[in-house]
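Asker: Let me begin by handing over the structure; questions about it come next.
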Amino acid sequence: MSIVRLPGLIDPHVHLRDPGATQKEDFLTGTRAALAGGITMLLDMPNNPGAPVTSPAALAAKEEVAASKIVCDVGLYYGATPHNAATYSSVAHGVFGLKLYLDHTTGDLKVDELETIVAIMRAWPREKPLLVHAEDRTVAMVLGLIPFVGRGVHFCHISEKIEIELIRDAKERGLPVTCEVAPHHLYLTEEDVPRLEGFGIMKPPLKRAVDRDALWANLDVIDMIATDHAPHTIAEKQGKPAPFGVPGLETSLPLMLTAVAAGRLSLDRLVEMMHDAPARLFHTGPQPDTYVDVDTDAEWTIETVGLQTKCGWTPFEGMSVTGAVKSVVLRGREVFRDGEILAKPGSGKLISPVA
């Protein structure tokens, strides 16, 4: 056993499904899953089915629901629509960024018109993060717009070889861009879909082995690891068509520790991608007396038994990993130890960005 202490990790991209789809996940079960995965802070996306966070009222309602349930710290994003730019000034101070959906995903927030996209990019305060769901051609489009609109952009869940190469080129040219990659795009490919069936369906979809390999080869370009935790019930994933999304909060750190054990990245680089970079970009502020103890020697097999996520499954079931979360301390209080959640509902903090 080799115990290593890490800071409480930050996942800047999750879908906790609350309110609107709590049969899949809710703020309590999702934050319990986070603690089990060594994650003490989550930033939750706005595309709640039936209750999108695209108005000040919807934002306030979601905050109220979260406050009584969460066991780790949670911040929220705001969603862009073609018609809600007038509300930006009243919400920008309290959210961690604006999410602009340029490709199809869960919910109904996709924005298509180029003129509207430019207007949104210009309307959102430049000092606040703008996150885009962009894939393939829309990645190239956004990169082309950045000098025109004069602002930085964060690219969510990059998954293709051409995308990471375009982002590398943009960074080398000095454009203000950052990006994230999900563990499922680092560890799974389209070849896994026949085995996983509906449980391997997500957006962006799993890609070719050459795309996965390009992500690893360009790890220095990737700013952060984000799970895109997007749970659905087993029955939903067995339906036709299966909805997009997979859970990831409990497996992200073990998978990345496995990469450390294999020599694919250093422990310092893991901390940079899973704590330092999201804290820096999203101005999350410190979590005092907060840390995660991991056994970097622990070898085990991922199983569905004992998962904290309400959906009760993982696409990584049966995978052998090296590295396990032993204990989590949040603000001086132990909240997880050896598989047991010790935190009470409502003990987490609903957070806002630190200026």
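In the structure tokens, chains take letters A, B, ... by order of appearance, with residues numbered from 1 within each chain and ligands from 1 in the order shown.
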Can you list, as a PyMOL selection string, every protein, DNA or RNA residue that comes within 6 Å of Ile351 of chain A when you count only C-alpha atoms, leaving out same-chain residues fewer than 2 positions away?

Answerer: chain A and resi 74-75+349

Asker: List every residue of segment 107-136 of chain A that has an atom at most 12 Å from any atom of segment 176-196 of chain A, and for each one report the closest atom pair and its distance in Å to one decimal, counting only C-alpha atoms, with rows sorted by chain and then by increasing residue number, as a Markdown table.

Answerer:
```
| residue | atom | partner | partner_atom | distance |
| --- | --- | --- | --- | --- |
| A:Arg126 | CA | A:Pro176 | CA | 11.2 |
| A:Glu127 | CA | A:Pro176 | CA | 11.7 |
| A:Pro129 | CA | A:Thr178 | CA | 10.0 |
| A:Leu130 | CA | A:Val177 | CA | 10.0 |
| A:Leu131 | CA | A:Cys179 | CA | 9.2 |
| A:Val132 | CA | A:Cys179 | CA | 9.7 |
| A:His133 | CA | A:Cys179 | CA | 10.7 |
| A:Ala134 | CA | A:Cys179 | CA | 10.9 |
```

Asker: Tell me, as a ChimeraX atom specification, which residues lie within 6 Å of Ile10 of chain A, counting only C-alpha atoms; anything in the same chain fewer than 5 positions away does not count.

Answerer: /A:39,41-42,274-275

Asker: Quick one: residues within 7 Å of segment 220-233 of chain A, only C-alpha atoms counted, chain neighbours fewer than 2 positions away excluded, as a list in words?

Answerer: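 The residues that qualify are Asp11, Pro12, His13, Val14, His15, Lys24, Glu25, Arg168, Thr178, Cys179, Glu180, Val181, Ala182, Pro183, Asn218, Ala235, Glu236, Lys237, Gly245, Val246, Pro247, Gly248, Leu249, Ser252, Met273, Met274, Ala277, Pro278 and Cys311 of chain A.
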
Asker: For Val91 of chain A, please output as a list in words all residues within 8 Å (counting only C-alpha atoms; exclusion window: fewer than 3 positions along the same chain).

Answerer: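 Here the qualifying residues turn out to be Pro56, Tyr78, Thr87, Tyr88, Gly94 and Val95 of chain A.
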